[in-house]
Structure formats: structure tokens, C-alpha cells
Amino acid sequence: MGLDAQGVISFWNPGATRLFGYEEAEILGQPISRLIPPAQREEAQALLRRVAETGPVSGYETLRMRKDGAQIEVAMSVSPIRLPGTGTAGRLIGYAAIIRDNSERRVAEQRMRELQAELLQASRLSALGEVAATIIHEVNQPLAAISNYLGVMEHALRGTAPDDPIRAVLAHTAAQVERAVTVVRRLRGLAMPMGAEPMPEAFNLAVAEAAEMALAGLDRTGLNVTLDLSPAVGLVRMDRVQVTQLVVNLVRNAAEAIGGGARREIRIATARPRPDGVELRVYDNGPGLPQAVRARLFQPFVTGKPGGIGLGLAICHRIAHDHAGTLDLQEGEDGTCFLLALPAADAA
Ligand SMILES: Nc1ncnc2c1ncn2[C@@H]1O[C@H](COP(=O)(O)OP(=O)(O)OP(=O)(O)O)[C@@H](O)[C@H]1O
Ligand SMILES: [Mg+2]
């Protein structure tokens, strides 16, 4: 856009219309103050004086005002327009201004700051994983020692009366230590990164083995377990131990949820809905997730079971994520269905 020496708008292009919302016809001949928020008017006067006295100014950041009254952040370059003559000697007849919307740049800068924050968070998380691994290791040692000492005490109490209250205290102590050992052992599953060299392995085989492991030792009377493994499911690049752990956790949860009721049912099914992905569904016809658990699903130490630890699903989620997959609750049916999706490692 252009101004005359008195600050009246004398030139207007389509870019200016886009930026300010005024059509050329309605703004030509208007004072430049129409585009300047009241708080910036003095500053704008000073800017024009400066351009007149010392020459072009570029990259000047300030606020301007659109036709609808909205303020916009802009960057401007302003040059004096003079009649022929040398330097500041030629008579000033106006100003040429190039005005750029700065808000897009602001958005980009904001996004950049967010990315940096995310990076920082990620490196903090991996530091956290290292700290956790260290704590787990350090806590394991004293726990093992406590366990041993408890064994010694138990032995020493052999000669005392069976109803000696110390025996009960000792049993409670042992149970609590056992729990601490379990928590620490399972936390390791959360803190440890995936094995360095995940290998393409038959997904169905891993699932079948894990299911067998999870169901071993369960009372299967009245329990109907269906294993429905699609032959289309091929290889998945995996850390076998971790994927086994994932499936075991899901199937154990299912078995624990259906309890001792009649017509108990667990369905374990694999599928390949897309050439590049495989799926596993673990379904049970139990009571469904407790509301309090549902709200914080996959977070550690969330449990609906008396004496439960609440690490199973958190570990499952982490393992799925480490394998570039997802684990979700599948809504819709009675009971509970978890859906694991993983990338396939072979051509369909
Ligand atoms: N199939 C399911 N049906 C109903 N509730 C479930 C099912 N799976 C999980 N839940 C609920 O989600 C909670 C969290 O499960 P998660 O496996 O994380 O912990 P947990 O089983 O309580 O303890 P653990 O760490 O030993 O696995 C369970 O306590 C249970 O309330
Ligand atoms: Mg569990």
C-alpha cells in the first residue's frame, strides 16, 4: 500500500484487501489512522517521521486494525517516496509500505516451542525410565535379604506354640514382602525398553502359547475357552517375551473377571483385517470394567481387585506402544473385549 505525505492512503492492492478487509474503493483517500489501533497511533506517527528523516525501515513489528475492528500482528517495511533529488534532499511525496501478517509466523513459533517442550518431556521420560530401573535394582537387593531373614525367623519359631501371635505377624510380614517383590518385578516390565533386536515371529504361535500359559492351573470346568486363530495372520516383528507377557496379562484378567459363575466364556481371536496389520481380541463374558477403572484404564496402580496391583494393563499398553501398535478397549458387547493391533511384518 502507499500513502501520501499527509498519511492519506493513495495505493491499495488485493493483498491489502485480504489483510485488512477493506476494498480499494472504500479505503483510498482515507487517513492511515483507519488501520491503526488508537494505542498505536502515536508510535505510527513516529515511525513515519523516522522514515522521512533517516530512510527505509524494515521488519517493524506492531499491531494494526482490520475493518472488523480485530487487531492483527504485522511486520512492516516502510520506505519514503521522493521526487528526484539526492538522499533526503528530494521532496517527500509519500510512503510505500509492505505489510505482512505476522500471526502465521507466531503460530509456527508457538508450534516450535511446543515441539521443544515435547522433546524435553521425552528425554525426561527416558531419564525417568533409567532412574526407575536403578531403583528397582536397588530395592530388589534389600527385599531379597528381608525374605531370607524372615525365613531364618520362621525356622527359629519352629519350637514355639502354633498359636504364638508372633507366627501370625511373621506370616503377614512375609505376605507384604512378597507383594513388594511382585510390584518391583512387574515394574521392571514397565521401565525396561524393548529388546534390542525384535524378530519377525508367527503371531498365532505366540498367542497360542501365551494363552496356554495364562490358563494353566485354572479350574476349567464350566469354562469355555475358544481359540480362533486366523491362518491369514502371519509374522509380527516382536520381542517374544514381551508379547507373551501382554497376552498372558489380558487372558489372566479375563479369567479373573469371570470368576466362578456358570457359562463362563473366554474368546481369543486373531485376524488380519488389513494387509499391513494384525489384530488380537481377548473377550470374556464377565461383568465388564468397573467404572472407576474405565476412567483411568492403562494407568499404573489402577485396580478394581482387592489385593490387585494394577500393573497388568499398564504394562500391556506400554508393550503394544513399543511394538508400534495399539491396545484399546472394544466397546459394544456384554462383557469385556480388549483389542490389540500390531503392524504385520510380512506381505499378505
Ligand atoms: N477382562 C476384564 N473384565 C473386567 N475387569 C477388568 C478386565 N480386565 C481388567 N479389568 C479391571 O481393570 C483393572 C486393572 O487391570 P490390571 O491388569 O491393570 O491390574 P490387576 O489385574 O488389578 O493387577 P495385576 O497388576 O496383577 O494385573 C482390574 O483390577 C480390573 O478391575
Ligand atoms: Mg491384571
# chains A, B, ... in the order shown; residues from 1 in each chain; ligands from 1
call {"tool": "select_by_dssp", "arguments": {"residues": "region 146-310 of chain A", "states": "strand (DSSP E)", "output": "mmCIF file with C-alpha atoms, in the first residue's frame"}}
result
data_model
loop_
_atom_site.group_PDB
_atom_site.id
_atom_site.type_symbol
_atom_site.label_atom_id
_atom_site.label_comp_id
_atom_site.auth_asym_id
_atom_site.auth_seq_id
_atom_site.Cartn_x
_atom_site.Cartn_y
_atom_site.Cartn_z
ATOM 1 C CA MET A 199 12.413 -60.604 15.312
ATOM 2 C CA PRO A 200 9.595 -61.448 12.899
ATOM 3 C CA GLU A 201 7.714 -64.309 14.551
ATOM 4 C CA ALA A 202 4.475 -66.171 13.935
ATOM 5 C CA LEU A 223 -15.184 -72.555 31.406
ATOM 6 C CA ASN A 224 -15.456 -72.401 27.652
ATOM 7 C CA VAL A 225 -12.269 -71.151 26.029
ATOM 8 C CA THR A 226 -12.290 -70.564 22.277
ATOM 9 C CA LEU A 227 -9.051 -70.057 20.418
ATOM 10 C CA ASP A 228 -9.837 -68.714 16.967
ATOM 11 C CA LEU A 229 -6.576 -68.151 15.108
ATOM 12 C CA LEU A 235 4.558 -62.634 11.107
ATOM 13 C CA VAL A 236 4.903 -59.770 13.537
ATOM 14 C CA ARG A 237 8.192 -58.157 14.448
ATOM 15 C CA MET A 238 8.248 -58.660 18.185
ATOM 16 C CA ARG A 264 -18.094 -68.664 31.674
ATOM 17 C CA GLU A 265 -16.605 -67.821 28.334
ATOM 18 C CA ILE A 266 -13.270 -66.537 27.043
ATOM 19 C CA ARG A 267 -12.657 -65.940 23.334
ATOM 20 C CA ILE A 268 -9.200 -65.340 21.972
ATOM 21 C CA ALA A 269 -9.169 -64.470 18.280
ATOM 22 C CA THR A 270 -6.605 -63.239 15.796
ATOM 23 C CA ALA A 271 -7.352 -61.606 12.467
ATOM 24 C CA ARG A 272 -5.739 -59.729 9.635
ATOM 25 C CA PRO A 273 -8.186 -57.013 8.656
ATOM 26 C CA ARG A 274 -5.620 -55.172 6.548
ATOM 27 C CA GLY A 277 -1.793 -55.131 10.289
ATOM 28 C CA VAL A 278 -2.849 -57.967 12.572
ATOM 29 C CA GLU A 279 -5.278 -57.954 15.462
ATOM 30 C CA LEU A 280 -5.881 -59.881 18.633
ATOM 31 C CA ARG A 281 -9.151 -59.807 20.547
ATOM 32 C CA VAL A 282 -9.439 -61.132 24.058
ATOM 33 C CA TYR A 283 -13.067 -61.324 25.071
ATOM 34 C CA ASP A 284 -14.776 -62.512 28.225
#
call {"tool": "residues_near_ligand", "arguments": {"ligand": "ligand 1", "cutoff": "6 Å", "atoms": "only C-alpha atoms and all ligand atoms", "output": "list in words"}}
result
Asn253, Ala254, Ala257, Gly286, Pro287, Gly288, Leu289, Pro290, Val293, Val302, Thr303, Gly304, Lys305, Gly308, Ile309, Gly310, Leu311, Gly312, Leu313, Ala314 and Thr336 of chain A
call {"tool": "closest_residue", "arguments": {"among": "A:Arg186, A:His155, A:Arg220, A:Arg100", "to": "ligand 2", "atoms": "only C-alpha atoms and all ligand atoms"}}
result
A:Arg186
call {"tool": "atom_distance", "arguments": {"atom1": "CA of Glu212 (chain A)", "atom2": "CA of Asp334 (chain A)"}}
result
24.3 Å
call {"tool": "residues_around", "arguments": {"residues": "Glu53 (chain A)", "least_positions_apart": "2", "cutoff": "12 Å", "atoms": "only C-alpha atoms", "output": "PyMOL selection string"}}
result
chain A and resi 46-51+55-57+79-80+82+87-92
call {"tool": "select_by_dssp", "arguments": {"residues": "region 78-292 of chain A", "states": "helix (DSSP H, G or I)", "output": "ChimeraX atom specification"}}
result
/A:87-89,103-159,165-191,203-215,240-258,291-292
call {"tool": "write_last_selection", "arguments": {"atoms": "C-alpha atoms", "output": "tab-separated table (two decimals), in the first residue's frame"}}
result
chain	number	residue	atom	x	y	z
A	87	GLY	CA	19.31	11.47	-0.45
A	88	THR	CA	16.86	13.19	1.83
A	89	ALA	CA	17.06	16.29	-0.34
A	103	SER	CA	0.26	-14.11	13.15
A	104	GLU	CA	1.04	-17.14	10.97
A	105	ARG	CA	4.64	-16.82	11.96
A	106	ARG	CA	3.54	-16.58	15.57
A	107	VAL	CA	1.64	-19.84	15.19
A	108	ALA	CA	4.71	-21.50	13.71
A	109	GLU	CA	6.86	-20.17	16.54
A	110	GLN	CA	4.34	-21.41	19.07
A	111	ARG	CA	4.36	-24.86	17.47
A	112	MET	CA	8.15	-24.84	17.58
A	113	ARG	CA	8.11	-24.07	21.29
A	114	GLU	CA	5.62	-26.90	21.86
A	115	LEU	CA	7.82	-29.33	19.94
A	116	GLN	CA	10.79	-28.34	22.04
A	117	ALA	CA	8.76	-28.90	25.19
A	118	GLU	CA	7.70	-32.33	23.93
A	119	LEU	CA	11.30	-33.24	23.22
A	120	LEU	CA	12.28	-32.16	26.68
A	121	GLN	CA	9.46	-34.25	28.12
A	122	ALA	CA	10.56	-37.28	26.10
A	123	SER	CA	14.14	-37.06	27.30
A	124	ARG	CA	12.87	-36.63	30.85
A	125	LEU	CA	10.76	-39.74	30.48
A	126	SER	CA	13.68	-41.81	29.31
A	127	ALA	CA	15.73	-40.46	32.23
A	128	LEU	CA	12.82	-41.49	34.45
A	129	GLY	CA	12.97	-44.98	32.97
A	130	GLU	CA	16.65	-45.18	33.88
A	131	VAL	CA	16.01	-43.94	37.42
A	132	ALA	CA	13.19	-46.44	37.79
A	133	ALA	CA	15.42	-49.27	36.60
A	134	THR	CA	18.06	-48.26	39.14
A	135	ILE	CA	15.56	-48.06	42.00
A	136	ILE	CA	14.08	-51.41	41.03
A	137	HIS	CA	17.52	-52.95	41.12
A	138	GLU	CA	18.47	-51.31	44.42
A	139	VAL	CA	15.20	-52.20	46.14
A	140	ASN	CA	15.36	-55.79	44.97
A	141	GLN	CA	18.51	-56.46	46.97
A	142	PRO	CA	17.19	-55.47	50.42
A	143	LEU	CA	13.89	-57.20	49.67
A	144	ALA	CA	15.69	-60.43	48.92
A	145	ALA	CA	17.65	-60.01	52.16
A	146	ILE	CA	14.46	-59.38	54.18
A	147	SER	CA	12.96	-62.51	52.65
A	148	ASN	CA	15.95	-64.54	53.79
A	149	TYR	CA	15.87	-63.13	57.34
A	150	LEU	CA	12.16	-63.91	57.53
A	151	GLY	CA	12.96	-67.49	56.60
A	152	VAL	CA	15.51	-67.64	59.41
A	153	MET	CA	12.97	-66.29	61.91
A	154	GLU	CA	10.35	-68.77	60.77
A	155	HIS	CA	12.84	-71.53	61.33
A	156	ALA	CA	13.68	-70.20	64.79
A	157	LEU	CA	9.99	-70.17	65.71
A	158	ARG	CA	9.52	-73.84	64.87
A	159	GLY	CA	9.70	-74.86	68.51
A	165	PRO	CA	0.95	-64.48	67.82
A	166	ILE	CA	4.45	-63.84	66.53
A	167	ARG	CA	3.84	-66.53	63.91
A	168	ALA	CA	0.85	-64.60	62.56
A	169	VAL	CA	2.83	-61.38	62.47
A	170	LEU	CA	5.58	-63.15	60.64
A	171	ALA	CA	3.15	-64.56	58.08
A	172	HIS	CA	1.72	-61.07	57.46
A	173	THR	CA	5.20	-59.66	57.11
A	174	ALA	CA	6.11	-62.35	54.62
A	175	ALA	CA	2.95	-61.64	52.59
A	176	GLN	CA	3.76	-57.92	52.44
A	177	VAL	CA	7.32	-58.59	51.37
A	178	GLU	CA	6.00	-60.95	48.72
A	179	ARG	CA	3.78	-58.17	47.46
A	180	ALA	CA	6.65	-55.69	47.35
A	181	VAL	CA	8.74	-58.22	45.42
A	182	THR	CA	5.88	-58.67	42.94
A	183	VAL	CA	5.43	-54.92	42.46
A	184	VAL	CA	9.13	-54.45	41.84
A	185	ARG	CA	9.32	-57.38	39.46
A	186	ARG	CA	6.36	-56.10	37.46
A	187	LEU	CA	7.53	-52.50	37.48
A	188	ARG	CA	10.55	-53.77	35.67
A	189	GLY	CA	8.21	-54.65	32.82
A	190	LEU	CA	7.13	-51.00	32.68
A	191	ALA	CA	10.58	-49.49	32.92
A	203	PHE	CA	1.87	-64.19	15.80
A	204	ASN	CA	-0.61	-67.07	16.16
A	205	LEU	CA	2.02	-69.25	17.75
A	206	ALA	CA	2.93	-66.60	20.31
A	207	VAL	CA	-0.74	-66.06	21.13
A	208	ALA	CA	-1.50	-69.78	21.48
A	209	GLU	CA	1.46	-70.35	23.78
A	210	ALA	CA	0.68	-67.34	25.92
A	211	ALA	CA	-2.98	-68.36	26.23
A	212	GLU	CA	-1.94	-71.83	27.32
A	213	MET	CA	0.40	-70.29	29.89
A	214	ALA	CA	-2.26	-67.96	31.23
A	215	LEU	CA	-4.88	-70.70	31.58
A	240	ARG	CA	8.62	-62.54	22.06
A	241	VAL	CA	8.87	-62.38	25.85
A	242	GLN	CA	7.04	-59.07	25.99
A	243	VAL	CA	4.24	-60.03	23.62
A	244	THR	CA	3.76	-63.24	25.58
A	245	GLN	CA	3.53	-61.18	28.75
A	246	LEU	CA	0.96	-58.92	27.11
A	247	VAL	CA	-1.29	-61.79	26.07
A	248	VAL	CA	-0.90	-63.55	29.42
A	249	ASN	CA	-1.96	-60.39	31.25
A	250	LEU	CA	-5.07	-59.94	29.10
A	251	VAL	CA	-6.14	-63.57	29.39
A	252	ARG	CA	-5.48	-63.64	33.14
A	253	ASN	CA	-7.60	-60.52	33.59
A	254	ALA	CA	-10.37	-62.17	31.61
A	255	ALA	CA	-10.16	-65.34	33.67
A	256	GLU	CA	-10.11	-63.38	36.92
A	257	ALA	CA	-13.09	-61.28	35.82
A	258	ILE	CA	-15.46	-64.12	35.00
A	291	GLN	CA	-16.44	-47.52	36.16
A	292	ALA	CA	-13.55	-46.21	38.29
